[in-house]
Amino acid sequence: MTQTLKTKVLIIGAGTGGYVAGIRCGQLGLDTVLVDGGDGLGGTCLNVGCIPSKAIIHAAGKYETVLKAAGDGTLGITASAPAIDLSKTVAWKDGIVRKLNAGVAALLKKAKVKVIKGWAEFTDAKTCRVETADGPILITAEHVILATGSEPVELPFLPFGGDVISSTEALSLPDVPKKLVVVGGGYIGLELGIAFRKLGAEVAIVEMADRLLPLYDKALTDPVQKWLEKHGVELFLGARAGGFGDGKLNVTDKDGNPMQLDADKVLVTVGRRPRTQGWGLETMGVAMDGPFVKIDNRCATSMKNVWAVGDLTGEPMLAHKGSAQGEVVAEIIAGHDRVFDPVTIAAVCFTEPEIVSAGLGPQDVEGRDDVIQSVFPFAAIGRALAIEAGEDGGFVRVIASKADHRILGIQAVGQHVSEMSNSFAQMLEMGAVLEDVAGTIHVHPTLGEAFHEASLRALGHAIHI
């Protein structure tokens, strides 16, 4: 027998956009139902994306550190050659995911959000049927928040299965592959490719563009490419992947020559697409913007009281964007006057070294004579040298208006620069000028001093260069 529910707010998808919207709705006293039919509470990011990938990256870094200490040693430290049992590493990673899952569940319970596990399918804009383990539930709502997220893009000639894997399977491999070929030189492929290289895999990267991370400027990506080349990662740029069979991936190089690469696993990371199929989006009457659901600055769709957040709504497809949108929508439903109009949404690549970008980059101001660009290298920062983070070509760059010194963009490449991303975003969101950064006493010794010095340099009086 079909159970029926009526609710003020119905949220589809329990990722960072959906569960944050649910918690905020609950805090605001809104009767809320959250349907989780995907990867689990926390969605892609918590279960098979951001969090588990950073755990594997961290473990790979630990392994590399011990490996450096073997043989001749490093920094006066010597150790025996390490071994890796990837199944135990994966089990540790899974433990982190379970802990965070439980945390999200507890927060939703505290906010009095009803969570239903099952796959939802809409019959109209405000009604959906959810197939659960205990039978079907028919839910009608006054407001619907769509937060279905995204999924890996599958190439027709390299379908997922067997030894052709997506990032999801890569994060749960029982053993380190001897030979790994990564198809796609974007941030997901590079993060995982670098991690597996540190763990001892032979890694090759096949990228259609003529350079890696093509969405970032070359100065930011050069230190990453140098790390890859130094550590024996084969790069096939301007190349196209083909079919895979008998342990060999067909590739056409930049000159049009066919070749084959040996591979135990082929990791396909050519992008992600919004999850729009299989849950009845076509019955809801919402306008589309290409493959994405079209929204306005309130995250409202073209259908009254139907909202959309996160990857479903377009680029940048970042977890923190979805969370921020989820909060905005919850508050709008509760009667608050809110819009989603951030000055910037900072992005981080957890490569080796890491990359941060917030606001305008050099490509956005190319040819303009009304801006100042200033770069300060980590090689001149004491803290960077003391933690072996000053010799990889890393730097902080500031872009500002000549007229009023308003900061327009901030980028950095280097070890641990991800931890500076919030400071960058904050300065841009507050409308800071160069003098604001220059006049802030930065703690010594820290990597953040490079941001200070870059701003001073833009004003014409850097101290340490």
# chains A, B, ... in the order shown; residues from 1 in each chain; ligands from 1
$ residues_around --residues "stretch 285-300 of chain A" --least-positions-apart "5" --cutoff "12 Å" --atoms "only C-alpha atoms" --output "VMD selection string"
chain A and resid 17 122 to 126 143 to 150 272 to 277 280 305 to 317 321 to 322 324 to 333 336 to 342
$ residues_around --residues "A:Ala462" --least-positions-apart "5" --cutoff "9 Å" --atoms "only C-alpha atoms" --output "list in words"
Phe376, His452, Glu453, Ala454, Ser455, Leu456 and Arg457 of chain A
$ closest_residue --among "A:Gly118, A:Gly95, A:Gly242, A:Gly49" --to "A:Asp36" --atoms "only C-alpha atoms"
A:Gly118
$ closest_residue --among "A:Ile56, A:Cys25, A:Ala400, A:Ile410" --to "A:Lys110" --atoms "only C-alpha atoms"
A:Cys25
$ closest_residue --among "A:Val33, A:Met303, A:Ile188, A:Val251" --to "A:Ile139" --atoms "only C-alpha atoms"
A:Val33
$ closest_residue --among "A:Glu449, A:Asp31, A:Glu429, A:Glu435" --to "A:Ala379" --atoms "only C-alpha atoms"
A:Glu449
$ atom_distance --atom1 "atom CA of A:Ala91" --atom2 "atom CA of A:Ala195"
16.8 Å
$ select_by_dssp --residues "stretch 110-171 of chain A" --states "alpha helix (DSSP H)" --output "list of chain:residue names"
A:Lys110, A:Ser167, A:Thr168, A:Glu169, A:Ala170
$ write_last_selection --atoms "all heavy atoms" --output "compact mmCIF listing (two decimals), in the first residue's frame"
# COMPACT_ATOMS: atom_id res chain seq x y z
N LYS A 110 18.62 16.48 14.33
CA LYS A 110 18.53 17.61 15.25
C LYS A 110 17.65 18.71 14.68
O LYS A 110 16.90 19.38 15.41
CB LYS A 110 19.93 18.15 15.54
CG LYS A 110 19.97 19.34 16.48
CD LYS A 110 21.40 19.84 16.66
CE LYS A 110 21.45 21.07 17.56
NZ LYS A 110 22.84 21.59 17.69
N SER A 167 36.33 8.05 -11.15
CA SER A 167 36.96 8.41 -9.89
C SER A 167 36.36 7.64 -8.72
O SER A 167 37.05 7.35 -7.73
CB SER A 167 36.82 9.92 -9.65
OG SER A 167 35.45 10.31 -9.69
N THR A 168 35.08 7.27 -8.82
CA THR A 168 34.43 6.51 -7.75
C THR A 168 35.14 5.20 -7.49
O THR A 168 35.48 4.87 -6.34
CB THR A 168 32.95 6.24 -8.11
OG1 THR A 168 32.27 7.50 -8.24
CG2 THR A 168 32.27 5.41 -7.03
N GLU A 169 35.38 4.43 -8.55
CA GLU A 169 36.06 3.14 -8.39
C GLU A 169 37.53 3.32 -8.01
O GLU A 169 38.10 2.52 -7.26
CB GLU A 169 35.96 2.32 -9.68
CG GLU A 169 34.56 1.83 -10.03
CD GLU A 169 33.68 2.93 -10.63
OE1 GLU A 169 34.23 3.78 -11.37
OE2 GLU A 169 32.46 2.94 -10.34
N ALA A 170 38.15 4.40 -8.52
CA ALA A 170 39.57 4.63 -8.22
C ALA A 170 39.80 4.81 -6.73
O ALA A 170 40.87 4.46 -6.21
CB ALA A 170 40.06 5.87 -8.98
$ residues_around --residues "A:Lys62" --least-positions-apart "4" --cutoff "12 Å" --atoms "only C-alpha atoms" --output "PyMOL selection string"
chain A and resi 55-58+66-69+82-84+89+195+198-199
$ closest_residue --among "A:Ile23, A:Ile51, A:Leu447, A:Leu171" --to "A:Ala319" --atoms "only C-alpha atoms"
A:Ile51
$ closest_residue --among "A:Trp92, A:Phe451, A:Phe424, A:Phe244" --to "A:Ser374" --atoms "only C-alpha atoms"
A:Phe451
$ residues_around --residues "A:Gln363" --least-positions-apart "5" --cutoff "12 Å" --atoms "only C-alpha atoms" --output "list of chain:residue names"
A:Pro214, A:Leu215, A:Tyr216, A:Asp217, A:Lys218, A:Ala219, A:Leu220, A:Arg368, A:Gln373, A:Ile399, A:Gly409
